[in-house]
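Enquirer: The file below is structure04.cif, mmCIF, C-alpha atoms:
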```cif
data_final
#
loop_
_atom_site.label_atom_id
_atom_site.label_comp_id
_atom_site.auth_asym_id
_atom_site.auth_seq_id
_atom_site.Cartn_x
_atom_site.Cartn_y
_atom_site.Cartn_z
CA MET B 18 31.93 -6.90 4.08
CA ALA B 19 29.41 -8.93 6.08
CA SER B 20 27.79 -5.71 7.33
CA LEU B 21 26.47 -4.80 3.87
CA ASP B 22 23.25 -6.09 2.41
CA ARG B 23 23.46 -8.05 -0.81
CA VAL B 24 21.25 -9.13 -3.69
CA LYS B 25 21.59 -12.02 -6.11
CA VAL B 26 21.38 -11.31 -9.85
CA LEU B 27 21.52 -14.10 -12.43
CA VAL B 28 23.34 -13.50 -15.73
CA LEU B 29 21.74 -15.78 -18.32
CA GLY B 30 22.18 -16.40 -22.04
CA ASP B 31 23.68 -18.78 -24.57
CA SER B 32 27.31 -19.84 -24.43
CA GLY B 33 29.53 -17.47 -26.37
CA VAL B 34 27.39 -14.34 -26.07
CA GLY B 35 29.91 -12.68 -23.75
CA LYS B 36 28.42 -13.14 -20.27
CA SER B 37 31.79 -13.59 -18.56
CA SER B 38 33.24 -10.54 -20.33
CA LEU B 39 30.20 -8.53 -19.31
CA VAL B 40 30.38 -9.57 -15.66
CA HIS B 41 34.11 -8.79 -15.52
CA LEU B 42 33.45 -5.35 -17.01
CA LEU B 43 30.61 -4.66 -14.57
CA CYS B 44 32.54 -5.77 -11.49
CA GLN B 45 36.14 -4.83 -12.30
CA ASN B 46 35.58 -2.00 -14.79
CA GLN B 47 38.16 -3.73 -16.97
CA VAL B 48 38.11 -5.69 -20.20
CA LEU B 49 38.52 -9.44 -19.76
CA GLY B 50 41.64 -10.34 -21.73
CA ASN B 51 41.16 -14.07 -22.28
CA PRO B 52 37.55 -15.12 -21.65
CA SER B 53 36.94 -18.84 -21.25
CA TRP B 54 33.85 -21.04 -21.14
CA THR B 55 32.05 -20.98 -17.82
CA VAL B 56 31.55 -24.42 -16.29
CA GLY B 57 28.70 -24.51 -13.81
CA CYS B 58 28.53 -21.01 -12.42
CA SER B 59 30.96 -18.24 -11.49
CA VAL B 60 30.16 -15.42 -9.09
CA ASP B 61 31.60 -11.92 -8.97
CA VAL B 62 30.61 -8.95 -6.83
CA ARG B 63 29.90 -5.33 -7.65
CA VAL B 64 29.48 -2.57 -5.07
CA HIS B 65 26.44 -0.41 -5.79
CA ASP B 66 25.13 2.71 -4.08
CA TYR B 67 21.35 2.44 -3.94
CA ARG B 68 19.67 5.78 -4.69
CA GLU B 69 23.03 7.47 -4.91
CA GLY B 70 23.00 11.15 -4.01
CA THR B 71 19.75 10.99 -2.05
CA PRO B 72 19.08 10.78 1.72
CA GLU B 73 18.15 7.12 1.16
CA GLU B 74 21.57 6.25 -0.27
CA LYS B 75 22.72 2.82 0.87
CA THR B 76 25.74 0.75 -0.22
CA CYS B 77 24.97 -2.85 -1.20
CA TYR B 78 26.72 -5.78 -2.80
CA ILE B 79 25.42 -7.05 -6.14
CA GLU B 80 26.29 -10.73 -6.59
CA LEU B 81 26.39 -11.50 -10.31
CA TRP B 82 25.92 -15.22 -10.97
CA ASP B 83 27.21 -16.08 -14.43
CA VAL B 84 25.47 -19.37 -15.29
CA GLY B 85 27.18 -21.53 -17.93
CA GLY B 86 25.68 -24.03 -20.34
CA SER B 87 23.26 -23.80 -23.23
CA VAL B 88 19.50 -23.59 -23.24
CA GLY B 89 19.29 -26.90 -25.08
CA SER B 90 21.27 -28.79 -22.45
CA ALA B 91 20.25 -32.27 -21.35
CA SER B 92 17.75 -32.54 -18.54
CA SER B 93 20.51 -33.60 -16.13
CA VAL B 94 22.40 -30.37 -16.83
CA LYS B 95 19.24 -28.30 -16.40
CA SER B 96 18.59 -30.06 -13.13
CA THR B 97 22.09 -29.15 -11.95
CA ARG B 98 21.59 -25.52 -12.99
CA ALA B 99 18.37 -25.33 -10.98
CA VAL B 100 20.33 -24.92 -7.75
CA PHE B 101 21.63 -21.56 -9.02
CA TYR B 102 18.09 -20.25 -9.47
CA ASN B 103 17.15 -20.25 -5.78
CA SER B 104 16.45 -16.93 -4.06
CA VAL B 105 16.98 -14.82 -7.17
CA ASN B 106 16.44 -11.06 -6.85
CA GLY B 107 17.06 -10.01 -10.46
CA ILE B 108 18.02 -11.37 -13.88
CA ILE B 109 20.23 -9.94 -16.63
CA LEU B 110 19.42 -11.57 -19.97
CA VAL B 111 22.39 -11.44 -22.35
CA HIS B 112 22.31 -12.00 -26.10
CA ASP B 113 24.68 -11.56 -29.02
CA LEU B 114 23.38 -8.80 -31.32
CA THR B 115 24.96 -10.56 -34.30
CA ASN B 116 23.23 -13.86 -33.48
CA LYS B 117 19.44 -13.76 -33.74
CA LYS B 118 19.13 -17.27 -32.29
CA SER B 119 20.74 -16.15 -29.03
CA SER B 120 18.03 -13.49 -28.76
CA GLN B 121 15.23 -15.99 -29.33
CA ASN B 122 16.74 -18.32 -26.74
CA LEU B 123 16.26 -15.73 -24.01
CA TYR B 124 12.62 -16.81 -23.73
CA PRO B 125 13.40 -20.40 -22.64
CA TRP B 126 16.31 -19.15 -20.53
CA SER B 127 14.06 -16.80 -18.57
CA LEU B 128 11.34 -19.39 -18.22
CA GLU B 129 13.82 -21.96 -16.91
CA ALA B 130 15.03 -19.57 -14.22
CA LEU B 131 11.73 -18.00 -13.26
CA SER B 132 9.94 -21.31 -12.93
CA LYS B 133 12.46 -22.21 -10.20
CA ASP B 134 11.75 -19.05 -8.26
CA SER B 135 9.85 -19.52 -5.01
CA SER B 136 7.20 -16.97 -6.02
CA PRO B 137 4.73 -17.75 -8.84
CA THR B 138 5.55 -15.75 -11.96
CA GLY B 139 2.43 -16.31 -14.00
CA ILE B 140 4.56 -17.02 -17.06
CA ILE B 141 3.22 -20.01 -18.95
CA VAL B 142 3.88 -21.95 -22.10
CA SER B 143 1.00 -23.06 -24.26
CA ASN B 144 1.70 -25.38 -27.20
CA GLY B 145 5.31 -24.22 -27.20
CA ASP B 146 4.40 -20.52 -27.39
CA TYR B 147 5.37 -18.07 -24.66
CA ASP B 148 2.63 -15.92 -23.23
CA ARG B 149 4.79 -12.82 -23.38
CA GLU B 150 2.18 -10.55 -21.82
CA GLN B 151 2.67 -12.46 -18.59
CA PHE B 152 6.15 -10.94 -18.20
CA ALA B 153 4.39 -7.73 -17.18
CA GLU B 154 3.30 -9.53 -14.00
CA ASN B 155 6.73 -10.98 -13.25
CA SER B 156 7.98 -9.82 -9.85
CA VAL B 157 11.68 -10.40 -10.61
CA PRO B 158 13.31 -7.33 -12.24
CA LEU B 159 14.80 -8.05 -15.68
CA LEU B 160 17.43 -6.24 -17.76
CA LEU B 161 18.23 -7.03 -21.38
CA ILE B 162 21.84 -6.59 -22.55
CA GLY B 163 22.95 -7.02 -26.15
CA THR B 164 26.67 -7.59 -26.74
CA LYS B 165 29.02 -7.21 -29.73
CA PHE B 166 27.36 -3.98 -30.82
CA ASP B 167 30.60 -2.99 -32.52
CA GLN B 168 30.34 -5.98 -34.86
CA ILE B 169 27.03 -4.93 -36.41
CA PRO B 170 27.52 -3.36 -39.87
CA GLU B 171 26.39 0.26 -39.92
CA ASN B 172 23.76 -0.43 -42.59
CA LYS B 173 22.13 -3.13 -40.44
CA ARG B 174 22.07 -1.41 -37.06
CA ASN B 175 18.59 0.07 -37.42
CA ASP B 176 17.12 -3.35 -38.19
CA VAL B 177 18.91 -4.98 -35.26
CA LEU B 178 17.92 -2.22 -32.83
CA THR B 179 14.31 -2.44 -33.97
CA ARG B 180 14.35 -6.17 -33.26
CA THR B 181 15.88 -5.71 -29.80
CA ALA B 182 13.33 -3.01 -28.98
CA PHE B 183 10.55 -5.55 -29.53
CA LEU B 184 12.49 -8.04 -27.43
CA SER B 185 12.77 -5.64 -24.47
CA GLU B 186 9.07 -4.89 -24.80
CA ASP B 187 8.29 -8.61 -24.61
CA PHE B 188 10.23 -8.89 -21.36
CA ASN B 189 8.97 -5.58 -19.98
CA ALA B 190 12.63 -4.67 -19.43
CA GLU B 191 15.01 -1.87 -20.32
CA GLU B 192 17.74 -2.69 -22.83
CA ILE B 193 21.43 -1.89 -23.03
CA ASN B 194 23.51 -2.55 -26.14
CA LEU B 195 27.28 -2.44 -25.84
CA ASP B 196 30.72 -3.73 -26.72
CA CYS B 197 32.25 -5.56 -23.73
CA THR B 198 35.75 -4.68 -24.94
CA ASN B 199 35.06 -0.95 -24.57
CA PRO B 200 34.38 0.38 -21.03
CA ARG B 201 33.16 3.68 -22.48
CA TYR B 202 29.78 2.07 -23.19
CA LEU B 203 29.21 2.10 -19.41
CA ALA B 204 30.92 5.37 -18.64
CA ALA B 205 29.55 7.27 -15.64
CA GLY B 206 26.67 9.52 -16.66
CA SER B 207 25.99 7.70 -19.93
CA SER B 208 22.48 6.46 -20.71
CA ASN B 209 23.68 2.86 -20.33
CA ALA B 210 25.14 3.57 -16.89
CA VAL B 211 21.89 5.23 -15.82
CA LYS B 212 19.84 2.24 -16.98
CA LEU B 213 22.17 -0.17 -15.18
CA SER B 214 21.99 1.82 -11.95
CA ARG B 215 18.21 2.04 -12.22
CA PHE B 216 18.00 -1.73 -12.64
CA PHE B 217 20.18 -2.42 -9.58
CA ASP B 218 18.13 0.08 -7.57
CA LYS B 219 14.97 -1.76 -8.55
CA VAL B 220 16.47 -5.13 -7.56
CA ILE B 221 17.52 -3.78 -4.16
CA GLU B 222 14.17 -2.11 -3.57
CA LYS B 223 12.31 -5.32 -4.39
CA ARG B 224 14.56 -7.24 -2.01
CA TYR B 225 14.74 -4.96 1.00
CA PHE B 226 11.81 -2.56 0.90
CA THR B 227 8.23 -3.10 1.94
CA ARG B 228 5.23 -1.61 0.15
CA ASP B 229 6.02 1.59 1.98
CA PRO B 230 9.29 2.74 0.30
CA SER B 231 10.20 4.76 3.41
CA GLN B 232 10.42 1.65 5.54
CA VAL B 233 13.42 -0.62 5.12
CA ARG B 234 13.03 -4.19 6.30
CA ALA B 235 15.17 -5.07 9.29
CA CYS B 236 17.11 -7.62 7.30
CA THR B 237 20.87 -7.78 7.53
CA PHE B 238 23.35 -9.75 5.45
CA SER B 239 23.81 -12.39 8.14
CA VAL B 240 20.08 -12.89 8.64
CA CYS B 241 19.14 -13.03 4.96
CA MET B 242 21.70 -15.59 3.86
#
```
Just give me the structure of the file as structure tokens.

Expert:
Amino acid sequence: MASLDRVKVLVLGDSGVGKSSLVHLLCQNQVLGNPSWTVGCSVDVRVHDYREGTPEEKTCYIELWDVGGSVGSASSVKSTRAVFYNSVNGIILVHDLTNKKSSQNLYPWSLEALSKDSSPTGIIVSNGDYDREQFAENSVPLLLIGTKFDQIPENKRNDVLTRTAFLSEDFNAEEINLDCTNPRYLAAGSSNAVKLSRFFDKVIEKRYFTRDPSQVRACTFSVCM
């Protein structure tokens, strides 16, 4: 296991949106039977083949850090969470499609995490408003995942999907909408699976590749800890 490279991906979003169920589905390819509240942070690992099917194919570990708490937590809780934001290679932003507030809260969630990153992000807040155009300059790959898709009434799905499309545009990120209790939403070859694989490839490339994509940095798991 130590011979494989790894990347660190944060999984952020409000309590109750289904982060733990999502991480379990991504890592175990199984539905989480009895999800519970995450205290602090839990970490699970997914094996991913970078550029699968090409001469550059490389197997890596994706560490998914499921961060608990709410965006409105006390400063002491936020300070504790800050330790999880070190050396982040990618971020999955999770929101509940039936809860508009959880979508809006992704802005402060992302700002909280990105402001702790060692590299400047350029994302600023002015008078409480997020300069969303600055996400285009963010160097940390982002993926937007909406949960509980199955709970949206058929006659409201177009409105919800229109709203999430604007949200993904704000973050300059691809979006995936799914039901964490149904593995078929991430079935091999599906559009969701392709988007997920593309996101992980981007995270790995940002972490291990120089400006010349043909040159891999001489950076092993043991060195990059």

Enquirer: What would the selection look like, as a list in words, if the PyMOL selection byres ((chain B and resi 63) around 6) were run on the coordinates I just shared?

Expert: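 Listing what the PyMOL selection byres ((chain B and resi 63) around 6) selects in the shown file: Cys44, Val62, Val64, Tyr78 and Ile79 of chain B.
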
Enquirer: Report, in Å to a single decimal, how far apart CA of Pro158 in chain B and CA of Gly107 in chain B are.

Expert: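 Calculated distance between CA of Gly107 in chain B and CA of Pro158 in chain B is 4.9 Å.
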
Enquirer: Can you list, as a list of chain:residue names, every protein, DNA or RNA residue that comes within 10 Å of Ala210 in chain B when you count all atoms listed in the file, leaving out same-chain residues fewer than 6 positions away?

Expert: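 Counting all atoms listed in the file, the residues come to B:Ile193, B:Arg201, B:Tyr202, B:Leu203, B:Ala204, B:Phe216.
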
Enquirer: Could you expand the PyMOL selection byres ((chain B and resi 81) around 7) into the explicit residues it covers here, written as JSON, numbers by chain?

Expert: {"B": [25, 26, 27, 28, 40, 60, 61, 62, 79, 80, 82, 83]}

Enquirer: Kindly export the residues of the current selection with C-alpha atoms, as a tab-separated table (two decimals), in the frame of the given file.

Expert:
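So result_5.tsv came out as:
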```
chain	number	residue	atom	x	y	z
B	25	LYS	CA	21.59	-12.02	-6.11
B	26	VAL	CA	21.38	-11.31	-9.85
B	27	LEU	CA	21.52	-14.10	-12.43
B	28	VAL	CA	23.34	-13.50	-15.73
B	40	VAL	CA	30.38	-9.57	-15.66
B	60	VAL	CA	30.16	-15.42	-9.09
B	61	ASP	CA	31.60	-11.92	-8.97
B	62	VAL	CA	30.61	-8.95	-6.83
B	79	ILE	CA	25.42	-7.05	-6.14
B	80	GLU	CA	26.29	-10.73	-6.59
B	82	TRP	CA	25.92	-15.22	-10.97
B	83	ASP	CA	27.21	-16.08	-14.43
```

Enquirer: Taking the file as shown, find all residues satisfying the PyMOL selection byres ((chain B and resi 212-215) around 8) and write them as an NGL selection string.

Expert: :B and (65 or 191-193 or 208-211 or 216-219)

Enquirer: Would you place a box with edges along x, y and z of the file around all atoms of range 96-114 of chain B listed there, add 4 Å to each of its six sides, and report the centre and edge lengths in Å to one decimal, as JSON?

Expert:
```
{"center_x": 20.6, "center_y": -19.4, "center_z": -17.7, "size_x": 16.2, "size_y": 29.3, "size_z": 35.3}
```
